Amino acid sequence: MPSVIEVTDLRKSYGGRPVVDGVSFAVEEGEIFGILGPNGAGKTTTVECVEGLRVPDGGRIRVAGLDPVADHAKVAQTLGAQLQQSEIQAKLTVREALELYAALYPRPADWRPLAERLGLTDRLGTRFGKLSGGQRQRLFIALALIGGPRIVVLDELTTGLDPRARRDTWQLIEDVRASGVTVLLVTHFMEEAQRLCDRIAVIDKGRVAALDTPAGLIHRSAGATVISFTPSTPLDERELAALPALASIEHQNGRLTLSGTDETVDAVLTLLARHRVTAHQLRVVDATLDDAFLDLTKEATA
Ligand SMILES: Nc1ncnc2c1ncn2[C@@H]1O[C@H](COP(=O)(O)OP(=O)(O)OP(=O)(O)O)[C@@H](O)[C@H]1O
């Protein structure tokens, strides 16, 4: 089956400066696909080309088999996009916004259960300008879903939300996916990407630096696992340096911190047992998507 979104060698420049420089990825039906990257990496430009809001300089995009520029009207019926703040008038009430946007689609979703699910029912009479940041985000999600889309594009969905609202929103996105909608998600939050996304494209300087599952990205990053402890007696330096898959070793006030893989951790524990050394305050920490991200986008964040 063809992918629901196909982006092949996408290129876009501003004033002769390439900001999207050969981006390719494919999103499968029913997936939550994440786009991660440092500020200015070209993420929004990429998804706006997918939405047909910007015209690419080169490459090919297909959304449900359609060209987002040539078939813009059809793509707009298939793809729900999160609006920007400026696109809603401050005086419009939540109910008016829902009714107005529902009227744009031939087969809109019933906005009442949507508003209920998004916790907007008691805000229907409130003007957009008076909503809190979290309520606005919920309204944007409702408006992205109101056309009953097959695909929804969410750009920095939970920016500005408090931790509870963010978690509620994640649950909502999972529900949306469970109802069969494909989600393309641009995010800055590693925890969000790790929790929600099936696969992630890390975009850096207009190119795809890596494309994998969250676990796959973490696995690729240097020093995937870190073990630290204070040994009861010092360990032999040569034996430490010879540990398998060791990425780095640090000493600080008698405390040892070693990074490597699970194999390194196993070998450290064997070494400790062999020399009958006790490891005080032993900690083993797996790398996170944060570590993988910093590793993959090293120069940009240096
Ligand atoms: N209309 C435009 N005209 C000129 N330059 C632009 C325009 N839109 C974006 N850019 C530039 O293109 C680059 C990529 O922008 P884009 O918004 O795609 O990045 P991003 O990865 O989404 O960044 P952020 O995480 O900061 O939102 C940036 O350097 C930006 O300044």
# chains A, B, ... in the order shown; residues from 1 in each chain; ligands from 1
>>> select_by_dssp(residues="segment 114-226 of chain A", states="strand (DSSP E or B)", output="ChimeraX atom specification")
/A:127,151-155,182-186,199-204,207-212,225-226
>>> residues_around(residues="Gln281 of chain A", least_positions_apart="3", cutoff="10 Å", atoms="only C-alpha atoms", output="list in words")
Ser228, Phe229, Thr230, Pro231, Arg255 and Thr278 of chain A
>>> residues_near_ligand(ligand="ligand 1", cutoff="7 Å", atoms="only C-alpha atoms and all ligand atoms", output="PyMOL selection string")
chain A and resi 14-15+19+37-46
>>> residues_around(residues="Ala26 of chain A", least_positions_apart="2", cutoff="7 Å", atoms="only C-alpha atoms", output="ChimeraX atom specification")
/A:3,5-7,28
>>> closest_residue(among="A:Ala209, A:Leu118, A:Leu246, A:Leu217", to="Thr169 of chain A", atoms="only C-alpha atoms")
A:Leu118
>>> atom_distance(atom1="atom CA of Arg177 of chain A", atom2="atom CA of Gln82 of chain A")
15.6 Å
>>> closest_residue(among="A:Ala201, A:Ile61, A:Ile32, A:Val265", to="Val226 of chain A", atoms="only C-alpha atoms")
A:Val265
>>> residues_around(residues="Leu92 of chain A", least_positions_apart="6", cutoff="10 Å", atoms="only C-alpha atoms", output="ChimeraX atom specification")
/A:98,100,125-130
>>> atom_distance(atom1="atom CA of Ile200 of chain A", atom2="atom CA of Ala115 of chain A")
29.4 Å
>>> select_by_dssp(residues="segment 56-289 of chain A", states="alpha helix (DSSP H)", output="MDAnalysis selection string")
chainID A and resid 72:78 94:102 111:117 133:145 163:178 190:196 214:220 237:241 262:274 289
>>> atom_distance(atom1="atom CA of Leu10 of chain A", atom2="atom CA of Val153 of chain A")
17.5 Å
>>> closest_residue(among="A:Asp67, A:Ala193, A:Thr297, A:Gly80", to="Gly206 of chain A", atoms="only C-alpha atoms")
A:Thr297
>>> residues_around(residues="segment 160-165 of chain A", least_positions_apart="3", cutoff="12 Å", atoms="only C-alpha atoms", output="ChimeraX atom specification")
/A:118-119,132-138,156-157,168-172,188-189,191-192
>>> residues_around(residues="Leu289 of chain A", least_positions_apart="4", cutoff="6 Å", atoms="only C-alpha atoms", output="PDB file with C-alpha atoms, in the first residue's frame")
ATOM      1  CA  MET A 190      11.550  15.058  23.569  1.00  0.00           C
ATOM      2  CA  ILE A 218      18.259   6.374  21.332  1.00  0.00           C
ATOM      3  CA  PHE A 293      18.825  14.540  19.694  1.00  0.00           C
TER       4      PHE A 293
END
>>> residues_around(residues="Asp286 of chain A", least_positions_apart="6", cutoff="12 Å", atoms="only C-alpha atoms", output="ChimeraX atom specification")
/A:215,218-219,221-228,258-262,265,292
>>> write_last_selection(atoms="N, CA and C atoms", output="mmCIF file, in the first residue's frame")
data_model
loop_
_atom_site.group_PDB
_atom_site.id
_atom_site.type_symbol
_atom_site.label_atom_id
_atom_site.label_comp_id
_atom_site.auth_asym_id
_atom_site.auth_seq_id
_atom_site.Cartn_x
_atom_site.Cartn_y
_atom_site.Cartn_z
ATOM 1 N N ALA A 215 13.091 4.418 20.040
ATOM 2 C CA ALA A 215 14.074 3.491 20.617
ATOM 3 C C ALA A 215 15.282 3.342 19.698
ATOM 4 N N ILE A 218 17.528 6.399 20.058
ATOM 5 C CA ILE A 218 18.259 6.374 21.332
ATOM 6 C C ILE A 218 19.417 5.384 21.235
ATOM 7 N N HIS A 219 19.152 4.254 20.618
ATOM 8 C CA HIS A 219 20.150 3.207 20.514
ATOM 9 C C HIS A 219 21.367 3.682 19.717
ATOM 10 N N SER A 221 22.568 6.707 19.609
ATOM 11 C CA SER A 221 23.341 7.806 20.188
ATOM 12 C C SER A 221 24.525 7.245 20.966
ATOM 13 N N ALA A 222 25.606 8.026 20.984
ATOM 14 C CA ALA A 222 26.819 7.581 21.659
ATOM 15 C C ALA A 222 26.560 7.457 23.148
ATOM 16 N N GLY A 223 27.168 6.481 23.781
ATOM 17 C CA GLY A 223 27.032 6.332 25.228
ATOM 18 C C GLY A 223 25.598 6.093 25.621
ATOM 19 N N ALA A 224 24.996 5.048 25.057
ATOM 20 C CA ALA A 224 23.576 4.817 25.255
ATOM 21 C C ALA A 224 23.193 4.587 26.715
ATOM 22 N N THR A 225 24.110 3.987 27.510
ATOM 23 C CA THR A 225 23.800 3.710 28.907
ATOM 24 C C THR A 225 24.925 4.249 29.777
ATOM 25 N N VAL A 226 24.553 4.838 30.915
ATOM 26 C CA VAL A 226 25.559 5.409 31.809
ATOM 27 C C VAL A 226 25.466 4.706 33.157
ATOM 28 N N ILE A 227 26.605 4.229 33.659
ATOM 29 C CA ILE A 227 26.643 3.624 35.002
ATOM 30 C C ILE A 227 27.576 4.472 35.857
ATOM 31 N N SER A 228 27.131 4.811 37.064
ATOM 32 C CA SER A 228 27.999 5.586 37.945
ATOM 33 C C SER A 228 27.941 5.012 39.355
ATOM 34 N N LEU A 258 30.777 5.848 33.871
ATOM 35 C CA LEU A 258 31.172 5.217 32.610
ATOM 36 C C LEU A 258 29.976 5.179 31.668
ATOM 37 N N SER A 259 30.218 5.509 30.417
ATOM 38 C CA SER A 259 29.113 5.383 29.465
ATOM 39 C C SER A 259 29.479 4.347 28.415
ATOM 40 N N GLY A 260 28.483 3.650 27.951
ATOM 41 C CA GLY A 260 28.692 2.594 26.965
ATOM 42 C C GLY A 260 27.376 1.945 26.630
ATOM 43 N N THR A 261 27.374 0.628 26.613
ATOM 44 C CA THR A 261 26.137 -0.095 26.292
ATOM 45 C C THR A 261 25.792 -1.016 27.467
ATOM 46 N N ASP A 262 24.737 -1.812 27.294
ATOM 47 C CA ASP A 262 24.380 -2.795 28.323
ATOM 48 C C ASP A 262 25.549 -3.741 28.585
ATOM 49 N N VAL A 265 27.891 -2.248 31.055
ATOM 50 C CA VAL A 265 27.344 -2.330 32.417
ATOM 51 C C VAL A 265 27.560 -3.738 32.983
ATOM 52 N N ALA A 292 20.009 11.503 22.325
ATOM 53 C CA ALA A 292 20.100 11.164 20.904
ATOM 54 C C ALA A 292 19.986 12.425 20.055
#
>>> closest_residue(among="A:Leu240, A:Leu282, A:Val55, A:Val27", to="Cys197 of chain A", atoms="only C-alpha atoms")
A:Val27
>>> closest_atom_pairs(of="segment 124-184 of chain A", to="segment 101-111 of chain A", cutoff="7 Å", atoms="only C-alpha atoms", output="JSON lines")
{"residue": "A:Leu143", "atom": "CA", "partner": "A:Tyr101", "partner_atom": "CA", "distance": 6.7}
{"residue": "A:Ile146", "atom": "CA", "partner": "A:Ala109", "partner_atom": "CA", "distance": 5.2}
{"residue": "A:Gly147", "atom": "CA", "partner": "A:Pro108", "partner_atom": "CA", "distance": 4.4}
{"residue": "A:Gly148", "atom": "CA", "partner": "A:Ala109", "partner_atom": "CA", "distance": 5.2}
>>> closest_residue(among="A:Thr78, A:Arg117, A:Asp236, A:Val284", to="Ile173 of chain A", atoms="only C-alpha atoms")
A:Arg117
>>> closest_residue(among="A:Asp122, A:Glu48, A:Asp9, A:Glu96", to="Val186 of chain A", atoms="only C-alpha atoms")
A:Glu48
